[in-house]
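Beneath this line is the structure, given in structure tokens, with notes to follow.
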Amino acid sequence: MQTPLGIVLFAHGSRDERWRAPVEAVARQVAVLDPTARVACAYLELVAPDLRTAVQALIAAGARRIRIVPLFLGMGRHVREDLPRLVDELQALHPGVAFSLRQAVGEDPEVIALLAKKAFES
């Protein structure tokens with residue numbers, strides 16, 4: 001039996017609590033798509049949980065494969081530099097866990113096409 005997949009939806013964070021709502025909505029949709037996956041939201045700054053805390057919760061829930069999905073539109077410094085460093089630190093802390101880091105969602109052609117389509121909706 002394959003170990004459960006852990007998915008971290010990683011976003012920037014904001015002082016405004018309402019900012020979390022769309023990130024958490026994506027997490028609920030991921031859970032619907034695969035009820036066996038463990039899903040957590042994590043934030044770079046300004047709001048909890050941070051990436052380390054979210055990963056620890058997924059590992060405690062049995063995940064041994066963790067996919068980190070940056071919910072950023074582009075490959076700015078946070079995604080290009082900060083996030084890989086954080087993932088390297090997590091890998092060192094949890095050598096028995098397989099981590100994978102996806103590209104920023106905004107770099108995906110399907111997301112780009114969807115955003116273009118949304119620009120024309122009234």
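Residues in the structure tokens are named by chain (A, B, ... in the order shown) and by number from 1 within that chain; ligands are numbered from 1 in the order shown.
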Excluding region 66-72 of chain A and its own-chain neighbours fewer than 2 positions away, which residues fall within 7 Å of it when counting only C-alpha atoms? Please give them as a PyMOL selection string.
chain A and resi 5-11+63-64+74+98-106
Using all heavy atoms, can you export the residues from the last selection as a compact mmCIF listing (two decimals), in the first residue's frame?
# COMPACT_ATOMS: atom_id res chain seq x y z
N LEU A 5 -0.29 10.71 0.30
CA LEU A 5 0.35 11.90 -0.24
C LEU A 5 -0.04 13.10 0.61
O LEU A 5 -1.22 13.27 0.93
CB LEU A 5 -0.10 12.12 -1.68
CG LEU A 5 0.33 13.42 -2.35
CD1 LEU A 5 1.85 13.48 -2.48
CD2 LEU A 5 -0.33 13.54 -3.71
N GLY A 6 0.93 13.90 0.96
CA GLY A 6 0.66 15.17 1.63
C GLY A 6 0.83 16.29 0.62
O GLY A 6 1.80 16.29 -0.15
N ILE A 7 -0.09 17.21 0.59
CA ILE A 7 -0.02 18.34 -0.33
C ILE A 7 -0.07 19.61 0.50
O ILE A 7 -0.99 19.81 1.30
CB ILE A 7 -1.18 18.32 -1.34
CG1 ILE A 7 -1.11 17.06 -2.19
CG2 ILE A 7 -1.17 19.58 -2.20
CD1 ILE A 7 -2.31 16.86 -3.11
N VAL A 8 0.93 20.46 0.29
CA VAL A 8 0.96 21.76 0.96
C VAL A 8 0.69 22.83 -0.10
O VAL A 8 1.41 22.93 -1.09
CB VAL A 8 2.32 22.05 1.62
CG1 VAL A 8 2.32 23.43 2.26
CG2 VAL A 8 2.67 20.99 2.65
N LEU A 9 -0.35 23.59 0.11
CA LEU A 9 -0.64 24.74 -0.73
C LEU A 9 0.05 25.92 -0.06
O LEU A 9 -0.34 26.35 1.03
CB LEU A 9 -2.15 24.96 -0.83
CG LEU A 9 -2.91 23.77 -1.41
CD1 LEU A 9 -4.40 24.02 -1.34
CD2 LEU A 9 -2.47 23.49 -2.84
N PHE A 10 1.10 26.41 -0.71
CA PHE A 10 1.97 27.42 -0.11
C PHE A 10 1.69 28.78 -0.73
O PHE A 10 1.80 28.96 -1.94
CB PHE A 10 3.43 27.02 -0.33
CG PHE A 10 4.42 27.93 0.33
CD1 PHE A 10 4.58 27.92 1.70
CD2 PHE A 10 5.20 28.78 -0.42
CE1 PHE A 10 5.49 28.76 2.32
CE2 PHE A 10 6.13 29.61 0.18
CZ PHE A 10 6.28 29.61 1.55
N ALA A 11 1.32 29.73 0.12
CA ALA A 11 0.99 31.08 -0.35
C ALA A 11 1.79 32.11 0.45
O ALA A 11 2.43 31.78 1.45
CB ALA A 11 -0.51 31.32 -0.21
N ALA A 63 1.78 11.16 6.24
CA ALA A 63 2.34 11.42 4.91
C ALA A 63 3.85 11.19 4.91
O ALA A 63 4.55 11.63 5.81
CB ALA A 63 2.02 12.85 4.48
N ARG A 64 4.32 10.50 3.88
CA ARG A 64 5.75 10.28 3.70
C ARG A 64 6.20 10.80 2.33
O ARG A 64 7.37 10.73 1.99
CB ARG A 64 6.11 8.80 3.85
CG ARG A 64 5.89 8.26 5.25
CD ARG A 64 6.76 8.99 6.28
NE ARG A 64 6.49 8.59 7.65
CZ ARG A 64 5.70 9.24 8.49
NH1 ARG A 64 5.06 10.32 8.11
NH2 ARG A 64 5.53 8.82 9.72
N GLY A 74 3.88 34.02 -10.27
CA GLY A 74 5.14 33.99 -11.01
C GLY A 74 6.29 33.51 -10.15
O GLY A 74 6.15 33.24 -8.97
N ALA A 98 9.82 12.03 1.20
CA ALA A 98 10.12 12.46 -0.17
C ALA A 98 9.38 13.76 -0.46
O ALA A 98 8.16 13.79 -0.49
CB ALA A 98 9.70 11.39 -1.16
N PHE A 99 10.13 14.83 -0.64
CA PHE A 99 9.55 16.14 -0.94
C PHE A 99 9.64 16.41 -2.43
O PHE A 99 10.64 16.08 -3.06
CB PHE A 99 10.30 17.25 -0.20
CG PHE A 99 10.06 17.26 1.27
CD1 PHE A 99 10.88 16.56 2.14
CD2 PHE A 99 9.01 17.99 1.81
CE1 PHE A 99 10.66 16.57 3.50
CE2 PHE A 99 8.78 18.00 3.18
CZ PHE A 99 9.61 17.28 4.02
N SER A 100 8.60 17.02 -2.97
CA SER A 100 8.66 17.51 -4.35
C SER A 100 8.11 18.92 -4.35
O SER A 100 7.14 19.24 -3.65
CB SER A 100 7.88 16.61 -5.31
OG SER A 100 6.51 16.60 -5.01
N LEU A 101 8.75 19.77 -5.14
CA LEU A 101 8.38 21.17 -5.23
C LEU A 101 7.90 21.45 -6.64
O LEU A 101 8.64 21.23 -7.60
CB LEU A 101 9.58 22.06 -4.88
CG LEU A 101 9.39 23.57 -5.00
CD1 LEU A 101 8.22 24.06 -4.14
CD2 LEU A 101 10.69 24.28 -4.61
N ARG A 102 6.67 21.89 -6.77
CA ARG A 102 6.09 22.20 -8.07
C ARG A 102 6.43 23.63 -8.46
O ARG A 102 6.80 24.44 -7.63
CB ARG A 102 4.57 22.02 -8.02
CG ARG A 102 4.15 20.59 -7.76
CD ARG A 102 4.65 19.70 -8.90
NE ARG A 102 4.50 18.30 -8.66
CZ ARG A 102 3.51 17.55 -9.13
NH1 ARG A 102 2.56 18.07 -9.84
NH2 ARG A 102 3.49 16.27 -8.86
N GLN A 103 6.22 23.92 -9.73
CA GLN A 103 6.40 25.29 -10.20
C GLN A 103 5.25 26.15 -9.68
O GLN A 103 4.22 25.63 -9.28
CB GLN A 103 6.46 25.34 -11.72
CG GLN A 103 5.13 25.04 -12.40
CD GLN A 103 5.22 25.10 -13.91
OE1 GLN A 103 6.28 25.16 -14.48
NE2 GLN A 103 4.08 25.09 -14.57
N ALA A 104 5.45 27.45 -9.70
CA ALA A 104 4.38 28.37 -9.30
C ALA A 104 3.17 28.12 -10.19
O ALA A 104 3.31 27.95 -11.40
CB ALA A 104 4.84 29.81 -9.42
N VAL A 105 1.98 28.09 -9.61
CA VAL A 105 0.78 27.77 -10.39
C VAL A 105 0.57 28.74 -11.54
O VAL A 105 0.05 28.38 -12.59
CB VAL A 105 -0.49 27.68 -9.51
CG1 VAL A 105 -0.40 26.53 -8.53
CG2 VAL A 105 -0.78 28.99 -8.81
N GLY A 106 0.98 29.98 -11.37
CA GLY A 106 0.81 30.97 -12.42
C GLY A 106 1.69 30.75 -13.63
O GLY A 106 1.50 31.40 -14.66
If you run DSSP on this backbone, which residues of region 5-77 of chain A come out as helix (DSSP H, G or I), and could you give them as an MDAnalysis selection string?
chainID A and resid 17:33 51:60 77
Residues from the last selection, C-alpha atoms, saved as a PDB file, in the first residue's frame:
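After the write, out_10.pdb holds the following:
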ATOM      1  CA  GLU A  17      -7.657  37.176   7.551  1.00  0.00           C
ATOM      2  CA  ARG A  18     -10.007  37.284   4.550  1.00  0.00           C
ATOM      3  CA  TRP A  19      -6.990  36.764   2.293  1.00  0.00           C
ATOM      4  CA  ARG A  20      -6.817  33.118   3.414  1.00  0.00           C
ATOM      5  CA  ALA A  21     -10.301  32.248   2.125  1.00  0.00           C
ATOM      6  CA  PRO A  22      -9.342  31.439  -1.502  1.00  0.00           C
ATOM      7  CA  VAL A  23      -6.313  29.399  -0.405  1.00  0.00           C
ATOM      8  CA  GLU A  24      -8.459  27.377   1.967  1.00  0.00           C
ATOM      9  CA  ALA A  25     -11.097  26.955  -0.771  1.00  0.00           C
ATOM     10  CA  VAL A  26      -8.435  25.415  -3.016  1.00  0.00           C
ATOM     11  CA  ALA A  27      -7.494  23.068  -0.154  1.00  0.00           C
ATOM     12  CA  ARG A  28     -11.113  21.924   0.167  1.00  0.00           C
ATOM     13  CA  GLN A  29     -11.275  21.257  -3.583  1.00  0.00           C
ATOM     14  CA  VAL A  30      -8.035  19.244  -3.453  1.00  0.00           C
ATOM     15  CA  ALA A  31      -9.506  17.133  -0.653  1.00  0.00           C
ATOM     16  CA  VAL A  32     -12.595  16.479  -2.792  1.00  0.00           C
ATOM     17  CA  LEU A  33     -10.436  15.429  -5.752  1.00  0.00           C
ATOM     18  CA  LEU A  51       5.689  25.697   5.961  1.00  0.00           C
ATOM     19  CA  ARG A  52       7.547  23.789   8.675  1.00  0.00           C
ATOM     20  CA  THR A  53       4.454  23.577  10.895  1.00  0.00           C
ATOM     21  CA  ALA A  54       2.218  22.447   8.020  1.00  0.00           C
ATOM     22  CA  VAL A  55       4.727  19.778   6.966  1.00  0.00           C
ATOM     23  CA  GLN A  56       5.054  18.495  10.534  1.00  0.00           C
ATOM     24  CA  ALA A  57       1.261  18.134  10.732  1.00  0.00           C
ATOM     25  CA  LEU A  58       1.171  16.167   7.462  1.00  0.00           C
ATOM     26  CA  ILE A  59       3.963  13.865   8.636  1.00  0.00           C
ATOM     27  CA  ALA A  60       2.128  13.330  11.943  1.00  0.00           C
ATOM     28  CA  ARG A  77      12.356  35.777  -5.397  1.00  0.00           C
TER      29      ARG A  77
END
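Those residues of chain A that DSSP, working from the backbone, places in strand (DSSP E) are Leu5, Gly6, Ile7, Val8, Leu9, Phe10, Ala11, Arg38, Val39, Ala40, Cys41, Ala42, Tyr43, Arg65, Ile66, Arg67, Ile68, Val69, Pro70, Ala98, Phe99, Ser100 and Leu101 of chain A.
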Take the residues just selected and output them with C-alpha atoms as a PDB file, in the first residue's frame.
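Wrote it out as result18.pdb, contents follow:
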ATOM      1  CA  LEU A   5       0.354  11.899  -0.240  1.00  0.00           C
ATOM      2  CA  GLY A   6       0.660  15.167   1.625  1.00  0.00           C
ATOM      3  CA  ILE A   7      -0.021  18.338  -0.328  1.00  0.00           C
ATOM      4  CA  VAL A   8       0.963  21.760   0.957  1.00  0.00           C
ATOM      5  CA  LEU A   9      -0.641  24.741  -0.727  1.00  0.00           C
ATOM      6  CA  PHE A  10       1.970  27.417  -0.115  1.00  0.00           C
ATOM      7  CA  ALA A  11       0.989  31.076  -0.354  1.00  0.00           C
ATOM      8  CA  ARG A  38      -3.578  14.964   3.352  1.00  0.00           C
ATOM      9  CA  VAL A  39      -3.896  18.671   2.487  1.00  0.00           C
ATOM     10  CA  ALA A  40      -2.530  21.659   4.390  1.00  0.00           C
ATOM     11  CA  CYS A  41      -2.173  25.356   3.741  1.00  0.00           C
ATOM     12  CA  ALA A  42       1.069  27.131   4.651  1.00  0.00           C
ATOM     13  CA  TYR A  43       2.180  30.716   4.426  1.00  0.00           C
ATOM     14  CA  ARG A  65       5.500  11.966   0.289  1.00  0.00           C
ATOM     15  CA  ILE A  66       4.895  15.697   0.378  1.00  0.00           C
ATOM     16  CA  ARG A  67       4.197  17.851  -2.653  1.00  0.00           C
ATOM     17  CA  ILE A  68       4.565  21.592  -2.176  1.00  0.00           C
ATOM     18  CA  VAL A  69       2.472  23.679  -4.559  1.00  0.00           C
ATOM     19  CA  PRO A  70       3.326  27.407  -4.628  1.00  0.00           C
ATOM     20  CA  ALA A  98      10.121  12.462  -0.171  1.00  0.00           C
ATOM     21  CA  PHE A  99       9.552  16.138  -0.939  1.00  0.00           C
ATOM     22  CA  SER A 100       8.656  17.512  -4.347  1.00  0.00           C
ATOM     23  CA  LEU A 101       8.379  21.174  -5.229  1.00  0.00           C
TER      24      LEU A 101
END
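One distance worth recording is that between CA of Asp108 (chain A) and CA of Val47 (chain A), which is 26.1 Å.
In this structure, CA of Asp50 (chain A) sits 15.2 Å away from CA of Leu93 (chain A).
Residue nearest Leu86 (chain A) within the list A:Lys117, A:Arg15, A:Leu44, A:Pro109: A:Leu44 [criterion: smallest interatomic distance, only C-alpha atoms].
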Could you pull the residues within 8 Å of Glu45 (chain A), counting only C-alpha atoms, minus those fewer than 4 positions along the same chain, as a PyMOL selection string?
chain A and resi 12-14+50
Save the residues we just selected, all heavy atoms, as a compact mmCIF listing (two decimals), in the first residue's frame?
# COMPACT_ATOMS: atom_id res chain seq x y z
N HIS A 12 1.71 33.35 0.02
CA HIS A 12 2.52 34.40 0.64
C HIS A 12 2.06 34.72 2.05
O HIS A 12 2.85 34.70 2.98
CB HIS A 12 2.49 35.67 -0.22
CG HIS A 12 3.44 36.70 0.27
ND1 HIS A 12 3.11 37.59 1.28
CD2 HIS A 12 4.70 36.97 -0.08
CE1 HIS A 12 4.15 38.37 1.51
NE2 HIS A 12 5.13 38.02 0.70
N GLY A 13 0.79 35.04 2.22
CA GLY A 13 0.27 35.44 3.53
C GLY A 13 -0.07 36.92 3.54
O GLY A 13 0.44 37.70 2.73
N SER A 14 -0.96 37.29 4.45
CA SER A 14 -1.40 38.68 4.58
C SER A 14 -1.91 38.90 6.00
O SER A 14 -2.36 37.95 6.65
CB SER A 14 -2.54 38.95 3.59
OG SER A 14 -3.13 40.20 3.82
N ASP A 50 3.22 28.26 9.23
CA ASP A 50 4.32 28.37 8.29
C ASP A 50 4.54 27.00 7.65
O ASP A 50 3.88 26.01 8.00
CB ASP A 50 5.58 28.91 8.96
CG ASP A 50 6.12 27.99 10.05
OD1 ASP A 50 5.61 26.87 10.25
OD2 ASP A 50 7.08 28.41 10.72
